[in-house]
Amino acid sequence: MPDSKTVSSAENAAHATSQVMQGRVPNASADEALGHPIHPATVHWPIAFLTTSFSALTVSALPSTVLGPLTPVASFPAIAHYTAAAGALTALPAIATGVGELYEMARAQRLAKGSWAAVVGDAWHLRDEAGQKLKTTMTHASANDAVVLLATVNWWIGRKSVGYALPRTNVVLSALALPALGYSAYLGGKLVYEYGVGVQRQGSGKEIKEKSS
């Protein structure tokens, strides 16, 4: 078991790193959060690319009689292949900054509640608003990670396939990933607009957030 000094040093390092990923700028006053939140500004490109990729794969599985005069079916796997790569790459900053937001949220709750066990228990059982917020964040992150992983696997398999063709299992999973991606995006919006996660850390926004908490 690591001693308390080692644990404290690790937590301080994680805290400093996550603040950078949040877009915070170190300053003399702990009460003033300089800088600008990053995560909400990084999510749009991966959502757009991944939606295009999964949609193209879904369309490619439809019968030609359904597609009619649309782009030839043979072009859809290529579209899906390159947008999967773009989606996975642009998701990296979104994931990194999201981890920063998640850690700071969990850390603040741990400091307020006294232990990680209390934080996890409240989130699991939805005992309070803080627990609901943390569980929503975890669901949002898990769904995002799953679809990014699927897109990466699709790209990896497709790069060695003739015409970027993928196994039917991957095509079916990609079709299922579309509503999952949409639901995750909805949860992200809920976190921002209902809970003020990743925003309202300075100026009048901070005052509004404090009054509503």
# chains A, B, ... in the order shown; residues from 1 in each chain; ligands from 1
>>> residues_around(residues="A:Asn170", least_positions_apart="3", cutoff="12 Å", atoms="only C-alpha atoms", output="NGL selection string")
:A and (53-54 or 57-58 or 61 or 77 or 80 or 147 or 149-158 or 165-167 or 173-177)
>>> residues_around(residues="stretch 112-116 of chain A", least_positions_apart="5", cutoff="12 Å", atoms="only C-alpha atoms", output="ChimeraX atom specification")
/A:103,105-107,121-123,128,130-131
>>> select_by_dssp(residues="stretch 1-212 of chain A", states="helix (DSSP H, G or I)", output="number ranges by chain")
A: 4-22, 39-42, 44-60, 64-67, 75-113, 116-125, 129-158, 162-164, 168-193, 203-212
>>> closest_atom_pairs(of="stretch 114-185 of chain A", to="stretch 93-98 of chain A", cutoff="9 Å", atoms="only C-alpha atoms", output="Markdown table")
| residue | atom | partner | partner_atom | distance |
| --- | --- | --- | --- | --- |
| A:Ala141 | CA | A:Gly98 | CA | 7.7 |
| A:Asn144 | CA | A:Ile95 | CA | 8.4 |
| A:Asp145 | CA | A:Ile95 | CA | 7.9 |
>>> write_last_selection(atoms="N, CA, C and O atoms", output="PDB file, in the first residue's frame")
ATOM      1  N   ALA A 141     -19.328   9.643 -20.762  1.00  0.00           N
ATOM      2  CA  ALA A 141     -17.954   9.288 -21.129  1.00  0.00           C
ATOM      3  C   ALA A 141     -17.859   7.858 -21.653  1.00  0.00           C
ATOM      4  O   ALA A 141     -17.155   7.589 -22.639  1.00  0.00           O
ATOM      5  N   ASN A 144     -19.261   7.572 -25.189  1.00  0.00           N
ATOM      6  CA  ASN A 144     -18.331   8.192 -26.137  1.00  0.00           C
ATOM      7  C   ASN A 144     -17.124   7.303 -26.403  1.00  0.00           C
ATOM      8  O   ASN A 144     -16.707   7.117 -27.556  1.00  0.00           O
ATOM      9  N   ASP A 145     -16.544   6.769 -25.343  1.00  0.00           N
ATOM     10  CA  ASP A 145     -15.371   5.912 -25.497  1.00  0.00           C
ATOM     11  C   ASP A 145     -15.697   4.677 -26.329  1.00  0.00           C
ATOM     12  O   ASP A 145     -14.891   4.221 -27.144  1.00  0.00           O
TER      13      ASP A 145
END
>>> atom_distance(atom1="atom CA of A:Val99", atom2="atom CA of A:Glu11")
14.3 Å
>>> residues_around(residues="A:Thr51", least_positions_apart="3", cutoff="8 Å", atoms="only C-alpha atoms", output="PyMOL selection string")
chain A and resi 47-48+54-55+178+181
>>> closest_residue(among="A:Arg159, A:His39, A:His15, A:Arg127", to="A:Leu191", atoms="only C-alpha atoms")
A:His39
>>> closest_residue(among="A:Met138, A:Ala146, A:Ala108, A:Ala117", to="A:Ala91", atoms="only C-alpha atoms")
A:Ala146
>>> atom_distance(atom1="atom CA of A:Gln109", atom2="atom CA of A:Ala143")
22.6 Å
>>> residues_around(residues="A:Gly23", least_positions_apart="3", cutoff="7 Å", atoms="only C-alpha atoms", output="number ranges by chain")
A: 19-20, 35-38
>>> write_last_selection(atoms="C-alpha atoms", output="CSV table (one decimal), in the first residue's frame")
chain,number,residue,atom,x,y,z
A,19,GLN,CA,-6.8,21.8,-14.5
A,20,VAL,CA,-4.6,22.3,-17.6
A,35,GLY,CA,-8.6,30.8,-18.9
A,36,HIS,CA,-11.5,29.3,-20.9
A,37,PRO,CA,-13.2,25.9,-20.7
A,38,ILE,CA,-11.9,23.6,-23.5
>>> closest_residue(among="A:Thr169, A:Gly198, A:Val43, A:Lys160", to="A:Met21", atoms="only C-alpha atoms")
A:Gly198
>>> closest_residue(among="A:Tyr164, A:Leu102, A:Gln22, A:Arg110", to="A:Ala84", atoms="only C-alpha atoms")
A:Tyr164
>>> residues_around(residues="A:His140", least_positions_apart="4", cutoff="10 Å", atoms="only C-alpha atoms", output="list in words")
Gly98, Leu134, Lys135, Thr136, Asn144, Asp145, Ala180, Leu181, Tyr183, Ser184, Ala185, Tyr186, Leu187, Gly188, Gly189, Lys190 and Leu191 of chain A
>>> write_last_selection(atoms="C-alpha atoms", output="short mmCIF file (atom, residue, chain, number, x, y, z; two decimals), in the first residue's frame")
data_model
loop_
_atom_site.label_atom_id
_atom_site.label_comp_id
_atom_site.auth_asym_id
_atom_site.auth_seq_id
_atom_site.Cartn_x
_atom_site.Cartn_y
_atom_site.Cartn_z
CA GLY A 98 -13.31 15.40 -20.72
CA LEU A 134 -21.36 12.28 -11.69
CA LYS A 135 -23.31 9.24 -12.94
CA THR A 136 -24.53 11.19 -15.95
CA ASN A 144 -18.33 8.19 -26.14
CA ASP A 145 -15.37 5.91 -25.50
CA ALA A 180 -25.74 5.67 -28.74
CA LEU A 181 -23.76 8.63 -30.07
CA TYR A 183 -27.80 9.85 -26.61
CA SER A 184 -24.27 10.61 -25.42
CA ALA A 185 -24.39 14.01 -27.13
CA TYR A 186 -27.73 14.66 -25.39
CA LEU A 187 -26.16 13.83 -22.02
CA GLY A 188 -23.28 16.18 -22.78
CA GLY A 189 -25.75 18.96 -23.46
CA LYS A 190 -27.58 18.14 -20.26
CA LEU A 191 -24.35 18.39 -18.28
#
>>> select_by_dssp(residues="chain A", states="strand (DSSP E or B)", output="list in words")
Arg24, Val25, Leu34 and Gly35 of chain A
>>> residues_around(residues="A:Phe49", least_positions_apart="5", cutoff="9 Å", atoms="only C-alpha atoms", output="number ranges by chain")
A: 44, 54, 80, 82-88, 90
>>> atom_distance(atom1="atom CA of A:Ser8", atom2="atom CA of A:Glu104")
15.1 Å
>>> closest_residue(among="A:Val171, A:Leu89, A:Glu101, A:Ala16", to="A:Pro40", atoms="only C-alpha atoms")
A:Glu101
>>> closest_residue(among="A:Ala78, A:Leu50, A:Ser60, A:Trp45", to="A:Gly163", atoms="only C-alpha atoms")
A:Ala78
